[in-house]
Amino acid sequence: MAPGLVDAQVTARVKESALENGLKILLLEEHKAPVVTIHIWYRVGARNEQPGTTGLSHLLEHMMFKGTSKLGPGQFSRVIKRNGGRDNAFTSDDYTGYFETFASDRVELALELEADRMRGLLIDRKEAESERAVVMEERRLRTEDEPISALREVMGAAAFQVHPYRQPVVGWMSDIEKLDREDLVRHYNTYYVPNNAVLIVVGDFKSDELLPKIRQHFGAIPRGADPPAVRAIEPEQRGERRLVLKKEAELPFVFMGYHVPNLKHPDNFALEILAYILSGGKSARIYKSLVYEKQLALFAGGGYYRESIDPNLFPFYASVMPGKTAEEVEQALTAEIERVKNDPVPDRELQKAKNQIEAGFLFGQDSVFSLARQLAEYEIVAGWRAWEAYLPGIRAVTAADLQRVARLYLTPDHRTVAVLIPEKIKK
């Protein structure tokens, strides 16, 4: 099969429709195996929360498994497992997603269960208090007791001064402590409506048979009021920001985050390749330089937050080797960024990056789950058809494009630097 035909065929086979109540539906038949995955994503995440109620979307995700008028607490996942399936959920800055993966003859069960909790959730006060305690412990374990996670959190809070991307998805502890049933009910009634959701089904089914079943289960759910728009726009950063976090830890750590555009901007393709060249694993420039060659860091890397509704960050990080300093590591990180600005990336290195990115993109389409997740994420962020532009955009990037975006976006004035200073661990 010629390069590019796989992705073109996938997008051509997506069948898009919508119910009268506003529920958007994307169906993609994949008959390679008798399996189907059902995703329903709501357009709500930490981005939609107000100061004082951060963590609300994540807590509500937990509550979606705590019972409806038809199913008791915990029964949702038990029904899925009894029928040989698996399910889970996730919350991000921009969305909250739920999924089930089954043998294809169980697809209607997932539709029934998701329709039931879309508007039939019972938010019991005692269950809410119990789950709030669970989330608070989750925050303690994953953020407050994890120095690197804590550093990443404060870096984000400093990098964004206006936009709600400054808020952690799990929420600030002082906010979680105060969340109550009324907050959850209000959030649920505002955002868990069909006109704020997208339903994606990928796998072994026939669209003309499945669509009437979707209409049967979801069609009677009333349309809700349109949720409030997020109007915050982060102003241009006009000077480097620096912060220090002192915390019990073994070694220093460095985080650097640069403001960059997201996938709606044409520069996203060059930034994607730049991220791979600089920080795409152990063979990338930063890891090779800081870990193998200079032996300044135990590990190092970075990424590009491309799939977000609003412009986000391009972070780099490194764990400082014993006997070395955070200053040395920061200088080495900066040196690699400056090198890509000053010296064109060789053609062979650029082509290797393109090949690896393309291979990862296409191999990801072998899984019905990955296909559904890609469709859902693109739909939430920019509309699913933006997916079609990915490979042509990657293929068109030149070495000059990489230099241009590095010089434009990876500048000290657009950067926030956060350094972890270890304090002695108490015994």
# chains A, B, ... in the order shown; residues from 1 in each chain; ligands from 1
>>> residues_around(residues="A:Leu245", least_positions_apart="4", cutoff="9 Å", atoms="only C-alpha atoms", output="compact mmCIF listing (two decimals) with C-alpha atoms, in the first residue's frame")
# COMPACT_ATOMS: atom_id res chain seq x y z
CA PRO A 147 8.60 16.09 43.94
CA ALA A 150 4.83 18.99 42.32
CA LEU A 151 7.47 20.92 40.35
CA VAL A 154 4.00 24.95 40.06
CA ALA A 418 11.31 25.80 37.59
CA VAL A 419 14.03 24.22 39.69
CA LEU A 420 13.57 21.66 42.46
CA ILE A 421 15.94 22.22 45.37
CA PRO A 422 16.06 19.08 47.51
>>> closest_atom_pairs(of="stretch 134-245 of chain A", to="stretch 81-102 of chain A", cutoff="12 Å", atoms="only C-alpha atoms", output="tab-separated table")
residue	atom	partner	partner_atom	distance
A:His163	CA	A:Asp93	CA	11.1
A:Pro164	CA	A:Asp93	CA	8.4
A:Tyr165	CA	A:Asp93	CA	6.6
A:Arg166	CA	A:Asp93	CA	9.6
A:Gln167	CA	A:Asp93	CA	8.4
A:Pro168	CA	A:Asp93	CA	8.0
A:Val169	CA	A:Asp93	CA	6.1
A:Val170	CA	A:Thr91	CA	8.6
A:Gly171	CA	A:Asp93	CA	10.8
A:Tyr188	CA	A:Thr96	CA	11.7
A:Tyr191	CA	A:Thr96	CA	10.2
A:Tyr192	CA	A:Thr96	CA	10.0
A:Asn196	CA	A:Tyr95	CA	10.3
A:Ala197	CA	A:Gly97	CA	9.5
A:Val198	CA	A:Gly97	CA	9.5
A:Leu199	CA	A:Tyr98	CA	9.7
A:Ile200	CA	A:Phe99	CA	9.3
A:Val201	CA	A:Phe99	CA	9.6
A:Val202	CA	A:Thr101	CA	9.6
A:Gly203	CA	A:Thr101	CA	9.5
A:Asp204	CA	A:Phe102	CA	10.2
A:Phe205	CA	A:Phe102	CA	11.7
A:Val230	CA	A:Asp94	CA	10.6
>>> residues_around(residues="A:Val405", least_positions_apart="3", cutoff="12 Å", atoms="only C-alpha atoms", output="mmCIF file with N, CA and C atoms, in the first residue's frame")
data_model
loop_
_atom_site.group_PDB
_atom_site.id
_atom_site.type_symbol
_atom_site.label_atom_id
_atom_site.label_comp_id
_atom_site.auth_asym_id
_atom_site.auth_seq_id
_atom_site.Cartn_x
_atom_site.Cartn_y
_atom_site.Cartn_z
ATOM 1 N N TYR A 258 8.045 26.451 27.397
ATOM 2 C CA TYR A 258 7.932 27.547 26.441
ATOM 3 C C TYR A 258 6.507 27.614 25.898
ATOM 4 N N HIS A 259 5.973 28.820 25.753
ATOM 5 C CA HIS A 259 4.651 28.984 25.149
ATOM 6 C C HIS A 259 4.733 28.749 23.643
ATOM 7 N N VAL A 260 3.830 27.903 23.136
ATOM 8 C CA VAL A 260 3.795 27.583 21.709
ATOM 9 C C VAL A 260 2.334 27.470 21.261
ATOM 10 N N PRO A 261 2.082 27.563 19.957
ATOM 11 C CA PRO A 261 0.711 27.365 19.462
ATOM 12 C C PRO A 261 0.326 25.891 19.455
ATOM 13 N N HIS A 265 -2.667 25.853 14.556
ATOM 14 C CA HIS A 265 -1.718 26.779 13.927
ATOM 15 C C HIS A 265 -0.847 26.008 12.938
ATOM 16 N N PRO A 266 -0.550 26.575 11.772
ATOM 17 C CA PRO A 266 0.266 25.845 10.780
ATOM 18 C C PRO A 266 1.669 25.490 11.252
ATOM 19 N N ASP A 267 2.190 26.175 12.263
ATOM 20 C CA ASP A 267 3.519 25.842 12.773
ATOM 21 C C ASP A 267 3.535 24.564 13.608
ATOM 22 N N ASN A 268 2.363 23.970 13.854
ATOM 23 C CA ASN A 268 2.328 22.798 14.735
ATOM 24 C C ASN A 268 3.099 21.622 14.155
ATOM 25 N N PHE A 269 3.154 21.503 12.843
ATOM 26 C CA PHE A 269 3.843 20.362 12.243
ATOM 27 C C PHE A 269 5.353 20.458 12.462
ATOM 28 N N ALA A 270 5.908 21.651 12.267
ATOM 29 C CA ALA A 270 7.336 21.837 12.515
ATOM 30 C C ALA A 270 7.664 21.643 13.990
ATOM 31 N N LEU A 271 6.803 22.128 14.881
ATOM 32 C CA LEU A 271 7.030 21.948 16.312
ATOM 33 C C LEU A 271 6.955 20.474 16.708
ATOM 34 N N GLU A 272 6.080 19.720 16.056
ATOM 35 C CA GLU A 272 5.984 18.287 16.329
ATOM 36 C C GLU A 272 7.286 17.575 15.967
ATOM 37 N N ILE A 273 7.833 17.888 14.838
ATOM 38 C CA ILE A 273 9.102 17.271 14.434
ATOM 39 C C ILE A 273 10.243 17.758 15.320
ATOM 40 N N LEU A 274 10.225 19.030 15.650
ATOM 41 C CA LEU A 274 11.260 19.569 16.527
ATOM 42 C C LEU A 274 11.241 18.857 17.876
ATOM 43 N N ALA A 275 10.056 18.584 18.392
ATOM 44 C CA ALA A 275 9.941 17.860 19.658
ATOM 45 C C ALA A 275 10.547 16.467 19.540
ATOM 46 N N PHE A 314 5.540 23.830 25.509
ATOM 47 C CA PHE A 314 6.543 22.898 24.989
ATOM 48 C C PHE A 314 7.558 22.751 26.120
ATOM 49 N N ILE A 337 18.901 23.614 22.610
ATOM 50 C CA ILE A 337 17.881 24.427 21.947
ATOM 51 C C ILE A 337 18.543 25.458 21.039
ATOM 52 N N GLU A 338 19.598 26.076 21.510
ATOM 53 C CA GLU A 338 20.298 27.069 20.694
ATOM 54 C C GLU A 338 20.943 26.423 19.471
ATOM 55 N N VAL A 340 19.833 23.962 17.664
ATOM 56 C CA VAL A 340 18.868 23.740 16.593
ATOM 57 C C VAL A 340 18.448 25.056 15.938
ATOM 58 N N LYS A 341 18.599 26.152 16.657
ATOM 59 C CA LYS A 341 18.339 27.465 16.059
ATOM 60 C C LYS A 341 19.452 27.864 15.093
ATOM 61 N N ASN A 342 20.670 27.536 15.438
ATOM 62 C CA ASN A 342 21.829 28.040 14.701
ATOM 63 C C ASN A 342 22.292 27.132 13.571
ATOM 64 N N VAL A 397 7.386 19.610 6.127
ATOM 65 C CA VAL A 397 8.286 20.408 6.967
ATOM 66 C C VAL A 397 9.714 20.347 6.431
ATOM 67 N N THR A 398 10.380 21.502 6.428
ATOM 68 C CA THR A 398 11.772 21.590 5.985
ATOM 69 C C THR A 398 12.683 21.925 7.163
ATOM 70 N N ALA A 399 13.984 21.775 6.937
ATOM 71 C CA ALA A 399 14.956 22.155 7.964
ATOM 72 C C ALA A 399 14.849 23.638 8.285
ATOM 73 N N ALA A 400 14.560 24.445 7.282
ATOM 74 C CA ALA A 400 14.384 25.886 7.514
ATOM 75 C C ALA A 400 13.188 26.152 8.412
ATOM 76 N N ASP A 401 12.120 25.353 8.260
ATOM 77 C CA ASP A 401 10.948 25.503 9.134
ATOM 78 C C ASP A 401 11.327 25.232 10.587
ATOM 79 N N LEU A 402 12.152 24.218 10.813
ATOM 80 C CA LEU A 402 12.560 23.889 12.182
ATOM 81 C C LEU A 402 13.341 25.034 12.806
ATOM 82 N N LEU A 408 11.512 31.432 16.785
ATOM 83 C CA LEU A 408 10.314 32.215 17.084
ATOM 84 C C LEU A 408 9.741 31.912 18.469
ATOM 85 N N TYR A 409 9.702 30.625 18.837
ATOM 86 C CA TYR A 409 8.986 30.230 20.057
ATOM 87 C C TYR A 409 9.902 29.845 21.230
ATOM 88 N N LEU A 410 11.043 29.231 20.952
ATOM 89 C CA LEU A 410 11.887 28.733 22.052
ATOM 90 C C LEU A 410 12.879 29.810 22.473
ATOM 91 N N THR A 411 12.352 30.913 22.958
ATOM 92 C CA THR A 411 13.163 32.050 23.383
ATOM 93 C C THR A 411 13.034 32.236 24.887
#
>>> residues_around(residues="stretch 22-35 of chain A", least_positions_apart="6", cutoff="10 Å", atoms="only C-alpha atoms", output="ChimeraX atom specification")
/A:10-16,85,101-107,193-208,210-211,214-215,218-219,221-224,366-369,371-372,375-376,379,384
>>> select_by_dssp(residues="stretch 3-92 of chain A", states="strand (DSSP E or B)", output="VMD selection string")
chain A and resid 15 to 18 24 to 29 35 to 42 68 86 to 91
>>> select_by_dssp(residues="stretch 2-193 of chain A", states="alpha helix (DSSP H)", output="ChimeraX atom specification")
/A:5-13,56-63,75-82,107-119,125-139,147-159,173-176,181-191
>>> write_last_selection(atoms="C-alpha atoms", output="compact mmCIF listing (two decimals), in the first residue's frame")
# COMPACT_ATOMS: atom_id res chain seq x y z
CA LEU A 5 -3.32 5.70 1.67
CA VAL A 6 -4.02 4.23 5.09
CA ASP A 7 -4.84 7.52 6.76
CA ALA A 8 -6.78 8.76 3.73
CA GLN A 9 -8.91 5.62 3.72
CA VAL A 10 -9.61 5.84 7.43
CA THR A 11 -10.88 9.40 7.31
CA ALA A 12 -12.93 8.67 4.19
CA ARG A 13 -14.72 5.87 6.05
CA LEU A 56 -14.57 19.34 39.88
CA SER A 57 -14.41 17.63 36.47
CA HIS A 58 -12.08 14.94 37.79
CA LEU A 59 -14.22 14.30 40.88
CA LEU A 60 -17.34 14.07 38.71
CA GLU A 61 -15.57 11.48 36.55
CA HIS A 62 -15.20 9.36 39.71
CA MET A 63 -18.87 9.89 40.56
CA GLN A 75 -22.35 -1.87 39.26
CA PHE A 76 -21.41 -0.16 35.98
CA SER A 77 -17.95 -1.72 35.80
CA ARG A 78 -19.19 -5.03 37.19
CA VAL A 79 -21.72 -5.34 34.36
CA ILE A 80 -18.98 -4.56 31.84
CA LYS A 81 -16.66 -7.25 33.29
CA ARG A 82 -19.44 -9.84 33.47
CA VAL A 107 -22.12 -2.98 21.59
CA GLU A 108 -25.72 -2.18 22.51
CA LEU A 109 -25.03 -2.86 26.20
CA ALA A 110 -22.46 -0.06 26.23
CA LEU A 111 -24.92 2.32 24.55
CA GLU A 112 -27.55 1.50 27.15
CA LEU A 113 -25.19 2.03 30.06
CA GLU A 114 -23.73 5.31 28.77
CA ALA A 115 -27.15 6.74 27.95
CA ASP A 116 -28.32 5.85 31.44
CA ARG A 117 -25.55 7.75 33.22
CA MET A 118 -25.55 10.69 30.80
CA ARG A 119 -28.64 12.05 32.53
CA ARG A 125 -24.06 12.99 49.31
CA LYS A 126 -22.28 10.24 51.24
CA GLU A 127 -20.80 8.78 48.06
CA ALA A 128 -19.60 12.26 47.06
CA GLU A 129 -17.90 12.79 50.42
CA SER A 130 -16.30 9.36 50.26
CA GLU A 131 -15.00 9.88 46.72
CA ARG A 132 -13.72 13.33 47.56
CA ALA A 133 -11.54 11.71 50.21
CA VAL A 134 -10.28 9.25 47.60
CA VAL A 135 -9.32 12.10 45.26
CA MET A 136 -7.57 13.97 48.07
CA GLU A 137 -5.47 10.89 48.77
CA GLU A 138 -4.78 10.54 45.05
CA ARG A 139 -3.49 14.09 45.00
CA PRO A 147 8.60 16.09 43.94
CA ILE A 148 8.76 16.04 40.12
CA SER A 149 4.98 16.18 39.78
CA ALA A 150 4.83 18.99 42.32
CA LEU A 151 7.47 20.92 40.35
CA ARG A 152 5.58 20.44 37.08
CA GLU A 153 2.44 21.73 38.75
CA VAL A 154 4.00 24.95 40.06
CA MET A 155 5.73 25.51 36.72
CA GLY A 156 2.38 25.39 34.94
CA ALA A 157 0.82 27.73 37.48
CA ALA A 158 3.58 30.26 36.83
CA ALA A 159 3.63 29.85 33.05
CA MET A 173 -6.12 20.57 47.66
CA SER A 174 -7.79 23.55 49.30
CA ASP A 175 -10.47 23.46 46.58
CA ILE A 176 -11.03 19.70 46.67
CA ARG A 181 -22.71 17.57 46.23
CA GLU A 182 -24.23 20.84 45.04
CA ASP A 183 -21.05 21.67 43.10
CA LEU A 184 -21.14 18.25 41.45
CA VAL A 185 -24.83 18.47 40.55
CA ARG A 186 -24.36 21.90 39.02
CA HIS A 187 -21.34 20.75 37.00
CA TYR A 188 -23.16 17.61 35.85
CA ASN A 189 -26.28 19.50 34.78
CA THR A 190 -24.22 22.10 32.93
CA TYR A 191 -21.83 19.89 30.98
>>> atom_distance(atom1="atom CA of A:Asn21", atom2="atom CA of A:His217")
12.2 Å
>>> atom_distance(atom1="atom CA of A:Lys424", atom2="atom CA of A:Glu250")
7.7 Å
